[in-house]
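> Here you go, input_39.txt (compact mmCIF, C-alpha atoms):
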```txt
# COMPACT_ATOMS: atom_id res chain seq x y z
CA MET Z 144 150.47 155.78 43.41
CA SER Z 145 148.18 152.79 43.89
CA GLY Z 146 150.85 150.64 45.53
CA GLU Z 147 151.90 153.07 48.25
CA PHE Z 148 150.75 153.54 51.83
CA ASN Z 149 149.82 156.98 53.17
CA PRO Z 150 151.73 157.67 56.41
CA ASP Z 151 149.45 160.48 57.58
CA GLN Z 152 146.36 158.32 57.20
CA LEU Z 153 148.08 155.36 58.84
CA ASN Z 154 149.01 157.46 61.87
CA THR Z 155 145.58 159.06 62.20
CA PHE Z 156 143.42 156.00 61.56
CA SER Z 157 145.35 153.27 63.36
CA ALA Z 158 142.52 151.78 65.44
CA PHE Z 159 142.35 148.47 63.55
CA ARG Z 160 146.07 147.78 63.89
CA ASP Z 161 146.45 149.15 67.43
CA PHE Z 162 143.44 147.25 68.76
CA HIS Z 163 144.76 143.84 67.74
CA ALA Z 164 148.47 144.39 68.26
CA LYS Z 165 148.00 145.62 71.83
CA ILE Z 166 145.88 142.62 72.80
CA PHE Z 167 148.04 139.99 71.14
CA ILE Z 168 151.40 141.36 72.26
CA GLU Z 169 150.17 141.38 75.84
CA LYS Z 170 148.70 137.88 75.47
CA TYR Z 171 151.73 136.23 73.88
CA LYS Z 172 154.77 138.28 74.90
CA HIS Z 173 155.76 135.47 77.29
CA TRP Z 174 156.90 133.53 74.21
CA LEU Z 175 159.87 135.89 73.81
CA LYS Z 176 163.18 134.76 75.29
CA TRP Z 177 165.26 137.75 76.33
CA ASN Z 178 168.98 137.40 76.92
CA PRO Z 179 169.56 137.17 80.71
CA LYS Z 180 172.83 139.06 80.18
CA GLY Z 181 171.09 141.84 78.26
CA LYS Z 182 172.38 143.47 75.09
CA ASP Z 183 169.55 142.10 72.94
CA THR Z 184 169.50 143.12 69.28
CA ILE Z 185 166.10 143.80 67.71
CA LEU Z 186 164.80 144.29 64.16
CA ASP Z 187 161.36 145.60 63.21
CA ILE Z 188 160.45 144.54 59.66
CA GLY Z 189 158.06 146.74 57.71
CA CYS Z 190 157.94 149.30 60.50
CA SER Z 191 155.69 151.66 58.52
CA THR Z 192 155.55 154.98 60.41
CA GLY Z 193 157.07 153.39 63.52
CA ALA Z 194 154.14 154.52 65.65
CA GLN Z 195 152.94 151.03 66.52
CA SER Z 196 156.36 149.73 67.34
CA HIS Z 197 157.08 152.75 69.50
CA LYS Z 198 153.80 152.30 71.41
CA LEU Z 199 153.69 148.52 71.69
CA ILE Z 200 157.08 146.87 71.09
CA TYR Z 201 159.55 149.37 72.52
CA PRO Z 202 157.94 149.29 76.01
CA ILE Z 203 158.31 145.50 76.38
CA ILE Z 204 161.97 145.16 75.43
CA PRO Z 205 164.65 145.22 78.15
CA LYS Z 206 166.11 148.69 78.51
CA ASP Z 207 169.66 147.36 78.26
CA PHE Z 208 169.18 146.35 74.61
CA SER Z 209 172.16 147.09 72.39
CA LYS Z 210 170.56 147.67 68.98
CA PHE Z 211 167.07 148.33 67.63
CA VAL Z 212 166.81 148.61 63.84
CA TYR Z 213 163.66 149.93 62.19
CA SER Z 214 163.36 148.73 58.60
CA ASP Z 215 160.98 149.39 55.75
CA LYS Z 216 161.26 149.35 51.97
CA CYS Z 217 160.01 152.96 51.85
CA GLN Z 218 162.26 155.85 52.89
CA LEU Z 219 159.21 158.03 53.54
CA MET Z 220 158.11 155.62 56.28
CA LEU Z 221 161.57 155.57 57.84
CA ASN Z 222 161.58 159.38 57.92
CA GLU Z 223 158.31 159.21 59.89
CA ALA Z 224 159.71 156.55 62.23
CA LYS Z 225 162.74 158.71 63.07
CA MET Z 226 160.42 161.28 64.62
CA HIS Z 227 159.63 158.88 67.49
CA PHE Z 228 163.18 158.35 68.72
CA GLY Z 229 165.17 161.44 67.86
CA ASP Z 230 168.89 160.87 68.33
CA ASP Z 231 168.84 157.64 70.36
CA SER Z 232 172.21 156.12 69.45
CA LYS Z 233 170.93 152.55 69.87
CA VAL Z 234 168.14 153.01 67.32
CA SER Z 235 168.83 153.05 63.58
CA TYR Z 236 166.83 152.98 60.35
CA GLU Z 237 167.50 150.87 57.26
CA ILE Z 238 165.88 150.34 53.88
CA LEU Z 239 164.95 146.66 53.65
CA ASP Z 240 162.61 144.78 51.34
CA ILE Z 241 162.13 141.47 53.12
CA SER Z 242 160.53 139.96 50.02
CA SER Z 243 163.78 140.34 48.06
CA ASP Z 244 167.05 138.44 48.20
CA LEU Z 245 169.52 139.61 50.84
CA ASP Z 246 172.85 140.33 49.20
CA ASP Z 247 176.16 140.21 51.07
CA ALA Z 248 176.26 143.99 51.46
CA ILE Z 249 172.89 144.06 53.21
CA LYS Z 250 173.84 141.14 55.46
CA ALA Z 251 177.12 142.79 56.39
CA LYS Z 252 175.42 146.11 57.12
CA MET Z 253 172.47 144.69 59.04
CA GLY Z 254 174.16 141.88 60.91
CA SER Z 255 171.97 139.36 62.73
CA PHE Z 256 169.36 139.81 65.44
CA ASP Z 257 168.21 138.16 68.65
CA HIS Z 258 164.60 139.19 68.02
CA ILE Z 259 162.67 140.09 64.88
CA PHE Z 260 159.24 141.70 65.06
CA SER Z 261 156.77 142.56 62.33
CA LEU Z 262 153.32 144.07 62.77
CA TYR Z 263 150.97 143.69 59.78
CA SER Z 264 153.48 144.09 56.95
CA LEU Z 265 153.57 140.40 55.99
CA THR Z 266 149.95 140.60 54.80
CA TRP Z 267 151.32 142.51 51.80
CA ILE Z 268 153.97 139.97 50.71
CA ALA Z 269 152.90 137.42 48.11
CA ASP Z 270 155.88 135.07 48.43
CA GLN Z 271 155.53 134.05 52.06
CA ARG Z 272 158.20 131.37 51.89
CA LYS Z 273 160.86 133.76 50.68
CA CYS Z 274 159.83 136.26 53.36
CA PHE Z 275 160.14 133.69 56.16
CA GLU Z 276 163.44 132.44 54.76
CA ARG Z 277 164.82 135.99 54.92
CA ILE Z 278 163.63 136.34 58.51
CA TYR Z 279 165.39 133.08 59.36
CA GLU Z 280 168.60 134.30 57.68
CA LEU Z 281 168.57 137.50 59.74
CA LEU Z 282 168.14 135.72 63.09
CA SER Z 283 171.13 134.91 65.25
CA PRO Z 284 171.40 131.28 66.42
CA GLY Z 285 168.81 130.97 69.20
CA GLY Z 286 167.07 134.15 68.04
CA ASP Z 287 163.30 134.38 67.74
CA CYS Z 288 160.63 136.12 65.69
CA PHE Z 289 157.24 137.49 66.76
CA LEU Z 290 154.90 138.33 63.90
CA ILE Z 291 151.35 139.68 63.73
CA PHE Z 292 149.46 140.08 60.46
CA VAL Z 293 146.06 139.60 58.88
CA ALA Z 294 145.24 136.22 57.36
CA GLY Z 295 141.75 137.11 56.21
CA SER Z 296 139.25 139.89 56.79
CA LEU Z 297 135.95 141.25 55.54
CA TYR Z 298 137.89 144.47 54.93
CA MET Z 299 140.04 142.55 52.43
CA GLU Z 300 136.86 141.37 50.74
CA ILE Z 301 135.63 144.95 50.38
CA VAL Z 302 138.90 145.99 48.73
CA THR Z 303 138.93 143.05 46.32
CA GLU Z 304 135.24 143.49 45.47
CA LEU Z 305 135.73 147.19 44.79
CA ILE Z 306 138.71 146.80 42.48
CA GLY Z 307 136.92 143.99 40.68
CA LYS Z 308 134.12 146.31 39.58
CA ALA Z 309 134.20 147.25 35.90
CA ARG Z 310 134.39 150.98 36.64
CA TRP Z 311 137.53 150.68 38.80
CA LYS Z 312 139.50 147.87 37.14
CA LYS Z 313 141.30 150.25 34.82
CA PHE Z 314 142.93 152.06 37.77
CA ILE Z 315 144.73 148.98 39.11
CA VAL Z 316 146.03 146.80 36.29
CA ASN Z 317 148.02 144.51 38.62
CA PRO Z 318 145.61 143.86 41.52
CA ASP Z 319 147.31 140.65 42.66
CA GLU Z 320 150.57 142.56 43.12
CA VAL Z 321 149.01 145.54 44.89
CA TYR Z 322 146.73 143.37 47.07
CA PRO Z 323 148.43 139.96 47.38
CA PHE Z 324 146.68 138.88 50.62
CA PRO Z 325 148.50 135.50 50.48
CA HIS Z 326 146.35 133.57 52.97
CA ARG Z 327 142.96 135.00 52.01
CA LYS Z 328 141.74 131.81 50.30
CA ASP Z 329 143.76 129.29 52.31
CA PRO Z 330 141.39 126.76 53.96
CA ASN Z 331 144.00 125.89 56.63
CA PRO Z 332 146.43 128.81 57.04
CA VAL Z 333 147.75 127.61 60.41
CA LYS Z 334 148.88 124.31 58.88
CA THR Z 335 150.32 126.09 55.84
CA VAL Z 336 152.46 128.46 57.91
CA THR Z 337 153.49 125.87 60.50
CA GLU Z 338 154.69 123.38 57.89
CA MET Z 339 156.47 126.11 55.94
CA MET Z 340 158.32 127.31 59.04
CA LYS Z 341 159.33 123.75 59.97
CA SER Z 342 160.71 123.14 56.48
CA ILE Z 343 162.79 126.33 56.69
CA GLY Z 344 164.32 125.26 60.00
CA PHE Z 345 162.37 127.15 62.66
CA VAL Z 346 161.82 125.42 66.01
CA ASN Z 347 159.55 126.14 68.99
CA ILE Z 348 156.91 127.21 66.47
CA ASN Z 349 153.61 128.67 67.62
CA VAL Z 350 151.04 129.74 65.04
CA LYS Z 351 147.78 131.14 66.39
CA LEU Z 352 144.86 132.36 64.29
CA GLU Z 353 142.93 134.80 66.45
CA LYS Z 354 139.36 135.71 65.53
CA SER Z 355 138.36 139.37 65.74
CA LEU Z 356 135.03 141.17 65.87
CA PHE Z 357 136.61 144.61 65.40
CA VAL Z 358 134.49 147.11 63.47
CA PHE Z 359 134.92 150.84 62.91
CA SER Z 360 132.84 153.26 64.95
CA THR Z 361 132.09 155.60 62.05
CA VAL Z 362 132.19 155.72 58.27
CA ASP Z 363 134.91 158.39 58.45
CA GLU Z 364 137.13 156.07 60.52
CA PHE Z 365 136.68 153.25 58.03
CA LEU Z 366 137.38 155.47 55.02
CA GLY Z 367 140.41 156.98 56.76
CA TYR Z 368 141.78 153.48 57.30
CA LEU Z 369 141.05 152.55 53.68
CA LYS Z 370 142.81 155.66 52.35
CA GLY Z 371 145.92 154.75 54.35
CA LEU Z 372 146.26 151.51 52.37
CA PRO Z 373 147.39 151.27 48.75
CA ASN Z 374 144.55 152.59 46.61
CA PRO Z 375 143.86 154.16 43.20
CA LEU Z 376 142.40 157.45 44.44
CA GLN Z 377 145.21 159.65 43.10
CA LYS Z 378 144.51 158.37 39.59
CA MET Z 379 140.85 159.40 39.77
CA SER Z 380 138.91 162.57 39.19
CA GLN Z 381 137.23 164.20 42.19
CA LYS Z 382 133.86 162.72 41.19
CA GLU Z 383 135.36 159.26 40.76
CA GLN Z 384 137.02 159.48 44.18
CA GLU Z 385 133.71 160.39 45.79
CA ASP Z 386 131.91 157.53 44.06
CA TYR Z 387 134.65 155.02 44.91
CA LEU Z 388 134.61 155.94 48.60
CA LYS Z 389 130.81 155.92 48.70
CA GLN Z 390 130.78 152.42 47.26
CA ALA Z 391 133.36 151.34 49.85
CA ALA Z 392 131.28 152.80 52.67
CA ASP Z 393 128.11 151.17 51.34
CA LEU Z 394 129.84 147.77 51.26
CA ALA Z 395 131.10 148.22 54.82
CA ILE Z 396 127.66 149.22 56.08
CA ALA Z 397 126.02 146.30 54.27
CA ARG Z 398 128.41 143.92 56.05
CA ASN Z 399 127.79 145.53 59.45
CA LEU Z 400 131.39 146.76 59.68
CA ILE Z 401 130.40 150.19 60.99
CA GLY Z 402 128.98 150.41 64.51
CA GLU Z 403 129.66 148.71 67.84
CA MET Z 404 131.57 145.48 68.38
CA SER Z 405 129.08 144.53 71.07
CA GLU Z 406 126.40 144.28 68.39
CA ARG Z 407 128.16 141.37 66.67
CA LYS Z 408 127.74 137.75 67.72
CA TYR Z 409 130.83 135.96 69.04
CA ASN Z 410 130.94 133.62 66.04
CA ASP Z 411 130.37 136.46 63.57
CA THR Z 412 134.06 136.85 62.71
CA VAL Z 413 135.25 140.00 60.94
CA SER Z 414 138.97 139.24 60.70
CA GLU Z 415 141.41 136.42 61.39
CA ILE Z 416 144.79 137.59 62.67
CA PHE Z 417 148.00 135.55 62.72
CA VAL Z 418 150.16 135.66 65.83
CA ILE Z 419 153.32 133.72 65.03
CA TYR Z 420 156.44 132.78 66.96
CA GLY Z 421 159.47 130.80 65.87
CA ARG Z 422 163.09 130.38 66.90
CA ARG Z 423 166.26 129.65 64.99
CA ASP Z 424 168.23 126.73 66.41
```
Just dump the structure as structure tokens.

Amino acid sequence: MSGEFNPDQLNTFSAFRDFHAKIFIEKYKHWLKWNPKGKDTILDIGCSTGAQSHKLIYPIIPKDFSKFVYSDKCQLMLNEAKMHFGDDSKVSYEILDISSDLDDAIKAKMGSFDHIFSLYSLTWIADQRKCFERIYELLSPGGDCFLIFVAGSLYMEIVTELIGKARWKKFIVNPDEVYPFPHRKDPNPVKTVTEMMKSIGFVNINVKLEKSLFVFSTVDEFLGYLKGLPNPLQKMSQKEQEDYLKQAADLAIARNLIGEMSERKYNDTVSEIFVIYGRRD
């Protein structure tokens, strides 16, 4: 299916996500306000396979936390996430589509949280306001959120250029739904997000837009990453798949996205990554 992520590919080709998340969590984790009495409750939104959260979020939370909920709208992803924690009684897994309305049953089941994390999933949600409103609803009074996701990237441009080609258009009839990329064309995304969060009620807001020079070391790494994202490959013949991936690789090479980061100039930005913090009063 064109709108689904591939968990095996995501786990194997995670360099793009791991590289940024590790740096930015370490750089900004001081924003988080842990409960001095312990018993923090934590929600991970759009946890995907859980691998990133297990590697990068779980180690920084106090060990006396009371509840850690992994959530995703896809049961397949939650099944993958369960493999990281086994039978830990303080860790649970819930189906949650943060872009949808939260009914009373979901609110009663989930409860509220002292801390909400999300790594990269918000890139894929078109209605950002509704998403941030749901995050606010799920926070306890005084609770905070820490969010990392892509605002814009040359990798996004490759995807949108590919699916815009006449040969491939027929495979994705709803490209804006499959690839929403809500801040891709925003001339001032920091202002947009900051003002939106203020209007919702968040306080202590910090919105950073970090520039990245990250490129993939090899064509195989890039294509592995691409195949982990929603794509039309399963709808194609073998020959079409080969041609589609070759075109993707050619576009990446033409934009100098395969090679060494050290070869890029400091102002030669590849991606812009949001790092966002906000607290509920």
> Find the spatial neighbours of Gly307 (chain Z), counting all atoms listed in the file, within a cut-off of 12 Å - ignore same-chain residues fewer than 5 positions away - and output them as a list in words.
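Answer for this query is Glu300, Ile301, Val302, Lys312, Lys313, Phe314, Ile315, Val316, Asn317, Pro318, Asp319 and Tyr322 of chain Z.
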> From the list Z:Ser414, Z:Ser261, Z:Thr335, Z:Gln218, which residue is nearest Leu186 (chain Z) when using all atoms listed in the file?
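Using all atoms listed in the file, Leu186 (chain Z) sits closest to Z:Ser261.
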> Taking all atoms listed in the file into account, which of Z:Ala194, Z:Leu282, Z:Val418, Z:Ala269 comes nearest Thr337 (chain Z)?
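That would be Z:Val418, the residue with the smallest distance to Thr337 (chain Z).
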> Could you check which of Z:Phe208, Z:Tyr236, Z:Phe159, Z:Trp267 is closest to Leu221 (chain Z), using all atoms listed in the file?
Z:Tyr236
> Using all atoms listed in the file, which of the listed residues (Z:Thr361, Z:Asn222, Z:Ser209, Z:Thr184) sits closest to Pro150 (chain Z)?
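Nearest candidate to Pro150 (chain Z) out of Z:Thr361, Z:Asn222, Z:Ser209, Z:Thr184: Z:Asn222.
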> Show me as a list in words the residues that reach within 7 Å of (166.1, 148.9, 68.6), counting all atoms listed in the file and using the file's own coordinates.
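Final list of nearby residues, as requested, is Thr184, Ile185, Leu186, Lys210, Phe211, Val212, Tyr213, Lys233 and Val234 of chain Z.
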> For each of Z:Lys308, Z:Arg277, Z:Lys176, Z:Lys328, take the minimum atom-to-atom distance to Asp257 (chain Z), counting all atoms listed in the file, then give the residue where this is smallest.
Z:Lys176
> Using CA of Ser255 (chain Z) and CA of Leu290 (chain Z) as the two end points, give the distance in Å to one decimal.
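Taking CA of Ser255 (chain Z) and CA of Leu290 (chain Z), their separation equals 17.1 Å.
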> When you count only C-alpha atoms, which of these residues is closest to Tyr368 (chain Z): Z:Phe417, Z:Trp177, Z:Tyr298, Z:Phe345?
Z:Tyr298
> If you measure from CA of Thr192 (chain Z) to CA of Phe156 (chain Z), what distance in Å do you get, rounded to one decimal?
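Atom-to-atom, CA of Thr192 (chain Z) and CA of Phe156 (chain Z) are spaced 12.2 Å apart.
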> What's around Asp270 (chain Z) at 10 Å? Count only C-alpha atoms, leave out sequence neighbours fewer than 2 positions away in its own chain, and write the answer as a CSV table (one decimal) with C-alpha atoms, in the frame of the given file.

```csv
chain,number,residue,atom,x,y,z
Z,242,SER,CA,160.5,140.0,50.0
Z,243,SER,CA,163.8,140.3,48.1
Z,265,LEU,CA,153.6,140.4,56.0
Z,267,TRP,CA,151.3,142.5,51.8
Z,268,ILE,CA,154.0,140.0,50.7
Z,272,ARG,CA,158.2,131.4,51.9
Z,273,LYS,CA,160.9,133.8,50.7
Z,274,CYS,CA,159.8,136.3,53.4
Z,275,PHE,CA,160.1,133.7,56.2
Z,323,PRO,CA,148.4,140.0,47.4
Z,325,PRO,CA,148.5,135.5,50.5
```
> So that I can check the surroundings of region 395-398 of chain Z, please list as a PDB file with C-alpha atoms, keeping the file's coordinate frame every protein, DNA and RNA residue that reaches within 12 Å of it, counting all atoms listed in the file and ignoring chain neighbours fewer than 5 positions away.

```
ATOM      1  CA  SER Z 296     139.250 139.890  56.790  1.00  0.00           C
ATOM      2  CA  LEU Z 297     135.950 141.250  55.540  1.00  0.00           C
ATOM      3  CA  TYR Z 298     137.890 144.470  54.930  1.00  0.00           C
ATOM      4  CA  MET Z 299     140.040 142.550  52.430  1.00  0.00           C
ATOM      5  CA  GLU Z 300     136.860 141.370  50.740  1.00  0.00           C
ATOM      6  CA  ILE Z 301     135.630 144.950  50.380  1.00  0.00           C
ATOM      7  CA  VAL Z 302     138.900 145.990  48.730  1.00  0.00           C
ATOM      8  CA  GLU Z 304     135.240 143.490  45.470  1.00  0.00           C
ATOM      9  CA  LEU Z 305     135.730 147.190  44.790  1.00  0.00           C
ATOM     10  CA  VAL Z 358     134.490 147.110  63.470  1.00  0.00           C
ATOM     11  CA  PHE Z 359     134.920 150.840  62.910  1.00  0.00           C
ATOM     12  CA  SER Z 360     132.840 153.260  64.950  1.00  0.00           C
ATOM     13  CA  THR Z 361     132.090 155.600  62.050  1.00  0.00           C
ATOM     14  CA  VAL Z 362     132.190 155.720  58.270  1.00  0.00           C
ATOM     15  CA  ASP Z 363     134.910 158.390  58.450  1.00  0.00           C
ATOM     16  CA  GLU Z 364     137.130 156.070  60.520  1.00  0.00           C
ATOM     17  CA  PHE Z 365     136.680 153.250  58.030  1.00  0.00           C
ATOM     18  CA  LEU Z 366     137.380 155.470  55.020  1.00  0.00           C
ATOM     19  CA  LEU Z 369     141.050 152.550  53.680  1.00  0.00           C
ATOM     20  CA  LEU Z 388     134.610 155.940  48.600  1.00  0.00           C
ATOM     21  CA  LYS Z 389     130.810 155.920  48.700  1.00  0.00           C
ATOM     22  CA  GLN Z 390     130.780 152.420  47.260  1.00  0.00           C
ATOM     23  CA  GLU Z 403     129.660 148.710  67.840  1.00  0.00           C
ATOM     24  CA  ARG Z 407     128.160 141.370  66.670  1.00  0.00           C
ATOM     25  CA  ASP Z 411     130.370 136.460  63.570  1.00  0.00           C
ATOM     26  CA  THR Z 412     134.060 136.850  62.710  1.00  0.00           C
ATOM     27  CA  VAL Z 413     135.250 140.000  60.940  1.00  0.00           C
TER      28      VAL Z 413
END
```
> Mind checking which residues fall within 10 Å of Trp311 (chain Z), counting all atoms listed in the file, ignoring those fewer than 6 positions away in the same chain, and posting them as a PyMOL selection string?
chain Z and resi 305+375+379+383+387
> Please define a box with edges along x, y and z of the file around all atoms of region 298-313 of chain Z given in the file, extend it by 6 Å on each side, and return its centre and edge lengths in Å to one decimal, as AutoDock Vina command-line options.

```
--center_x 137.7 --center_y 146.2 --center_z 44.9 --size_x 19.2 --size_y 21.6 --size_z 32.1
```
> For CA of Lys180 (chain Z) and CA of Ile291 (chain Z), quote the distance in Å rounded to one decimal.
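Spanning CA of Lys180 (chain Z) to CA of Ile291 (chain Z) is a straight-line distance of 27.1 Å.
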> Residues near Pro205 (chain Z), anyone? I mean within 10 Å using all atoms listed in the file, not counting same-chain ones fewer than 3 positions away, as an mmCIF file with C-alpha atoms, in the coordinates of the input.

```cif
data_model
loop_
_atom_site.group_PDB
_atom_site.id
_atom_site.type_symbol
_atom_site.label_atom_id
_atom_site.label_comp_id
_atom_site.auth_asym_id
_atom_site.auth_seq_id
_atom_site.Cartn_x
_atom_site.Cartn_y
_atom_site.Cartn_z
ATOM 1 C CA TRP Z 177 165.260 137.750 76.330
ATOM 2 C CA ASN Z 178 168.980 137.400 76.920
ATOM 3 C CA PRO Z 179 169.560 137.170 80.710
ATOM 4 C CA GLY Z 181 171.090 141.840 78.260
ATOM 5 C CA LYS Z 182 172.380 143.470 75.090
ATOM 6 C CA ASP Z 183 169.550 142.100 72.940
ATOM 7 C CA TYR Z 201 159.550 149.370 72.520
ATOM 8 C CA PRO Z 202 157.940 149.290 76.010
ATOM 9 C CA PHE Z 208 169.180 146.350 74.610
ATOM 10 C CA SER Z 209 172.160 147.090 72.390
#
```
